[in-house]
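First up is the structure itself, then whatever we jot down about it.
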Amino acid sequence: MITDVRDNPGLLKLHLYCRGLRIDDSCHCDEEGRGILRTRAGLGSGLELILPGGLWTNVPVVEEFAQHSPYLLRRAEGRYEIVRDGEVVAQVRLSPRPGWYDRRTSSGKLMTRIGSLQGTYLGIYPAKVCDYWLIKPERENCKFCSVGLNLGADDADSKSVDEVMEVVHAARKESLITYVDFNTGHYEGDTYLDILAPYIERVKRETGLLIGVQTPPHQDLSRYDALKRMGVNRVSFCFEIFDPQRFVEICPGKHRQYGLPRYLEAVEYCARLSRAPGNGPWVTNGEIVAGLEDPASSIRAIDWIASVGAIPTVCVFRPLKGTDLEDLPPPRTEDMIPIFRRLYEACMERNLPIGLAPDIHVSLVMLPEECRWLSDNPRRWWRREAKMKAMARLYRWKFARDLRRHERRFGAAHA
Ligand code: SF4
């Protein structure tokens with residue numbers, strides 16, 4: 001039985017998502033860390049921290065429930081620690097604040113309004129606000145989502161390709177990012193992939209970085225073959241909820257426009273593309289929010305996603321301030337543990353490629369490999385884990401070599 005967060009950073013990461021963190025007056029989070037960007041990607045709102053074991057996280061600190069957290073962050077002799085009941089449970093670090101966070105693009109916009117680091121990758125929401133926030137007389141946004149509250153506050157409304165490239169280059173040079181994630185909401189006419197294409201092409205051509213795309217499922221599935229050829233390395237489909245009735249309640253816009261079956265069809269189609277011709281590695285994610293449906297349904301979602309060869313991404317529901325669900329309580333850690341334990345087991349049982357991406361630490365979700373901390377007996381997969389580690393070393397080496405070659409070529413072309 002896993003109960004002690006002092007020697008289990010995976011459990012601590014999960015517990016902090018569910019309980020949040022109070023911040024002592026001794027802390028200098030704004031000056032020494034990244035500060036708190038109000039909302040990100042509709043789910044984040046918190047303090048970026050690095051836990052023991054190198055687990056990066058984004059901890060709720062501004063929501064009401066976090067004010068009652070048993071955990072307190074304090075600064076003692078220049079170091080940060082998390083305390084519970086007067087006892088130190090973990091020494092932690094604030095995620096470093098990049099120099100470019102305080103700079104502006106040549107067009108005069110603050111770079112953090114173009115993109116921001118989530119863990120160690122760069123997240124960009126390049127287009128206007130999701131249409132579900134605009135529909136009148138009644139908006140149809142997903143009930144947990146804060147994107148419509150976010151844009152115009154911490155995010156710029158429109159971001160040109162040149163502006164995005166300035167931020168990508170700064171983040172590559174100074175923060176050593178290896179991955180850029182593009183995220184959009186829904187736009188009438190299924191235009192999201194057309195909007196993203198010029199950004200994707202420039203980032204790939206000028207940097208060779210890994211690229212991910214998170215959008216609704218395009219009705220023309222052959223567009224994903226084209227994305228793969230373009231050099232996209234990851235596609236992610238957020239259907240959020242696996243229970244069909246609950247899906248309708250929580251995601252009215254997605255239900256009206258696409259329906260759950262379309263999301264599942266896109267996950268399945270893209271997972272099959274891993275063997276199709278392309279440009280670099282390719283993974284497909286099916287993404288859900290745990291805590292808004294029965295845990296057994298979340299586990300069924302994980303099993304289904306893994307069964308088609310995609311990798312489940314599981315967020316913990318966070319009742320963000322200002323959202324339709326702000327008054328709901330966050331989920332209980334004990335209800336979440338079986339879900340995240342199953343995430344690791346399902347990936348191992350299906351031999352899915354996890355933990356291969358080089359230098360990517362994700363703060364907003366528990367990575368599948370981090371869920372190993374919640375497994376009762378992870379050693380039963382020791383052969384697979386050893387193989388995965390060897391593959392990760394090889395892939396990391398190849399990626400670094402390709403990136404160096406790319407940077408030399410691109411640098412020479414622009415000398
Ligand atoms: S599709 Fe839903 S989760 Fe995504 S931005 Fe729109 S309202 Fe938010």
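All residue names refer to the structure tokens as shown: chains lettered A, B, ... in order, residues numbered from 1 in each chain, ligands numbered from 1 in order.
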*Spatial neighbours of segment 308-321 of chain A, max dist 6 Å, only C-alpha atoms, sep filter under 2 positions, as a ChimeraX atom specification*: /A:63,268,271,284-291,302,305-306,323,325-326,330,365
_7 Å shell around ligand 1 using only C-alpha atoms and all ligand atoms, listed as a VMD selection string_ = chain A and resid 42 130 to 133 141 to 142 145 to 147 184 to 186 251 254
Got time to write the residues from that selection, N, CA, C and O atoms, as a PDB file, in the first residue's frame?
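Listed below is the output, selection_34.pdb:
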ATOM      1  N   GLY A  42      -6.366  25.670 -20.287  1.00  0.00           N
ATOM      2  CA  GLY A  42      -7.659  25.328 -19.732  1.00  0.00           C
ATOM      3  C   GLY A  42      -7.593  24.527 -18.449  1.00  0.00           C
ATOM      4  O   GLY A  42      -8.612  24.284 -17.829  1.00  0.00           O
ATOM      5  N   CYS A 130     -11.436  29.815 -28.442  1.00  0.00           N
ATOM      6  CA  CYS A 130     -12.291  28.722 -28.917  1.00  0.00           C
ATOM      7  C   CYS A 130     -13.729  29.215 -29.133  1.00  0.00           C
ATOM      8  O   CYS A 130     -14.292  29.923 -28.301  1.00  0.00           O
ATOM      9  N   ASP A 131     -14.313  28.808 -30.273  1.00  0.00           N
ATOM     10  CA  ASP A 131     -15.662  29.288 -30.612  1.00  0.00           C
ATOM     11  C   ASP A 131     -16.719  28.904 -29.578  1.00  0.00           C
ATOM     12  O   ASP A 131     -17.747  29.569 -29.482  1.00  0.00           O
ATOM     13  N   TYR A 132     -16.494  27.848 -28.836  1.00  0.00           N
ATOM     14  CA  TYR A 132     -17.522  27.449 -27.860  1.00  0.00           C
ATOM     15  C   TYR A 132     -17.750  28.515 -26.793  1.00  0.00           C
ATOM     16  O   TYR A 132     -18.767  28.528 -26.125  1.00  0.00           O
ATOM     17  N   TRP A 133     -16.745  29.385 -26.640  1.00  0.00           N
ATOM     18  CA  TRP A 133     -16.903  30.458 -25.659  1.00  0.00           C
ATOM     19  C   TRP A 133     -17.720  31.617 -26.214  1.00  0.00           C
ATOM     20  O   TRP A 133     -18.144  32.488 -25.470  1.00  0.00           O
ATOM     21  N   ASN A 141     -18.920  26.085 -23.985  1.00  0.00           N
ATOM     22  CA  ASN A 141     -17.572  25.642 -23.607  1.00  0.00           C
ATOM     23  C   ASN A 141     -17.630  24.422 -22.687  1.00  0.00           C
ATOM     24  O   ASN A 141     -18.631  24.203 -21.993  1.00  0.00           O
ATOM     25  N   CYS A 142     -16.516  23.675 -22.679  1.00  0.00           N
ATOM     26  CA  CYS A 142     -16.405  22.565 -21.731  1.00  0.00           C
ATOM     27  C   CYS A 142     -16.444  23.183 -20.332  1.00  0.00           C
ATOM     28  O   CYS A 142     -15.834  24.221 -20.089  1.00  0.00           O
ATOM     29  N   CYS A 145     -13.324  24.308 -18.415  1.00  0.00           N
ATOM     30  CA  CYS A 145     -12.307  25.027 -19.190  1.00  0.00           C
ATOM     31  C   CYS A 145     -12.236  26.504 -18.809  1.00  0.00           C
ATOM     32  O   CYS A 145     -13.246  27.136 -18.511  1.00  0.00           O
ATOM     33  N   SER A 146     -11.023  27.037 -18.878  1.00  0.00           N
ATOM     34  CA  SER A 146     -10.816  28.446 -18.545  1.00  0.00           C
ATOM     35  C   SER A 146     -10.230  29.234 -19.709  1.00  0.00           C
ATOM     36  O   SER A 146      -9.835  30.380 -19.527  1.00  0.00           O
ATOM     37  N   VAL A 147     -10.150  28.591 -20.878  1.00  0.00           N
ATOM     38  CA  VAL A 147      -9.471  29.253 -21.999  1.00  0.00           C
ATOM     39  C   VAL A 147     -10.093  30.604 -22.327  1.00  0.00           C
ATOM     40  O   VAL A 147      -9.404  31.585 -22.591  1.00  0.00           O
ATOM     41  N   THR A 184      -5.247  24.249 -29.937  1.00  0.00           N
ATOM     42  CA  THR A 184      -6.343  25.149 -30.336  1.00  0.00           C
ATOM     43  C   THR A 184      -7.654  24.613 -29.780  1.00  0.00           C
ATOM     44  O   THR A 184      -7.769  23.435 -29.435  1.00  0.00           O
ATOM     45  N   GLY A 185      -8.649  25.487 -29.773  1.00  0.00           N
ATOM     46  CA  GLY A 185     -10.001  25.050 -29.479  1.00  0.00           C
ATOM     47  C   GLY A 185     -10.711  24.726 -30.787  1.00  0.00           C
ATOM     48  O   GLY A 185     -10.068  24.390 -31.788  1.00  0.00           O
ATOM     49  N   HIS A 186     -12.029  24.859 -30.770  1.00  0.00           N
ATOM     50  CA  HIS A 186     -12.831  24.590 -31.963  1.00  0.00           C
ATOM     51  C   HIS A 186     -13.084  25.892 -32.746  1.00  0.00           C
ATOM     52  O   HIS A 186     -13.354  26.924 -32.141  1.00  0.00           O
ATOM     53  N   CYS A 251     -19.150  18.493 -21.795  1.00  0.00           N
ATOM     54  CA  CYS A 251     -18.588  19.049 -23.038  1.00  0.00           C
ATOM     55  C   CYS A 251     -19.703  19.271 -24.068  1.00  0.00           C
ATOM     56  O   CYS A 251     -19.722  18.603 -25.121  1.00  0.00           O
ATOM     57  N   LYS A 254     -18.437  20.105 -27.727  1.00  0.00           N
ATOM     58  CA  LYS A 254     -17.807  18.948 -28.388  1.00  0.00           C
ATOM     59  C   LYS A 254     -18.868  17.923 -28.779  1.00  0.00           C
ATOM     60  O   LYS A 254     -18.778  17.296 -29.831  1.00  0.00           O
TER      61      LYS A 254
END
*Backbone DSSP call of alpha helix (DSSP H) for segment 132-297 of chain A, listed as JSON, numbers by chain*: {"A": [147, 148, 149, 150, 161, 162, 163, 164, 165, 166, 167, 168, 169, 170, 171, 172, 173, 174, 175, 192, 193, 194, 195, 196, 197, 198, 199, 200, 201, 202, 203, 204, 205, 206, 207, 222, 223, 224, 225, 226, 227, 228, 229, 230, 244, 245, 246, 247, 248, 249, 250, 252, 253, 254, 255, 256, 257, 260, 261, 262, 263, 264, 265, 266, 267, 268, 269, 270, 271, 272, 295, 296, 297]}
*Tell me which protein, DNA and RNA residues are within 12 Å of Glu249 of chain A, counting only C-alpha atoms, leaving out same-chain ones fewer than 6 positions away, and put them as an NGL selection string.*
:A and (140-144 or 240-243 or 255-256 or 292-293 or 324-325)
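Distance-wise, atom CA of Gly231 of chain A and atom CA of Pro261 of chain A end up 26.9 Å apart.
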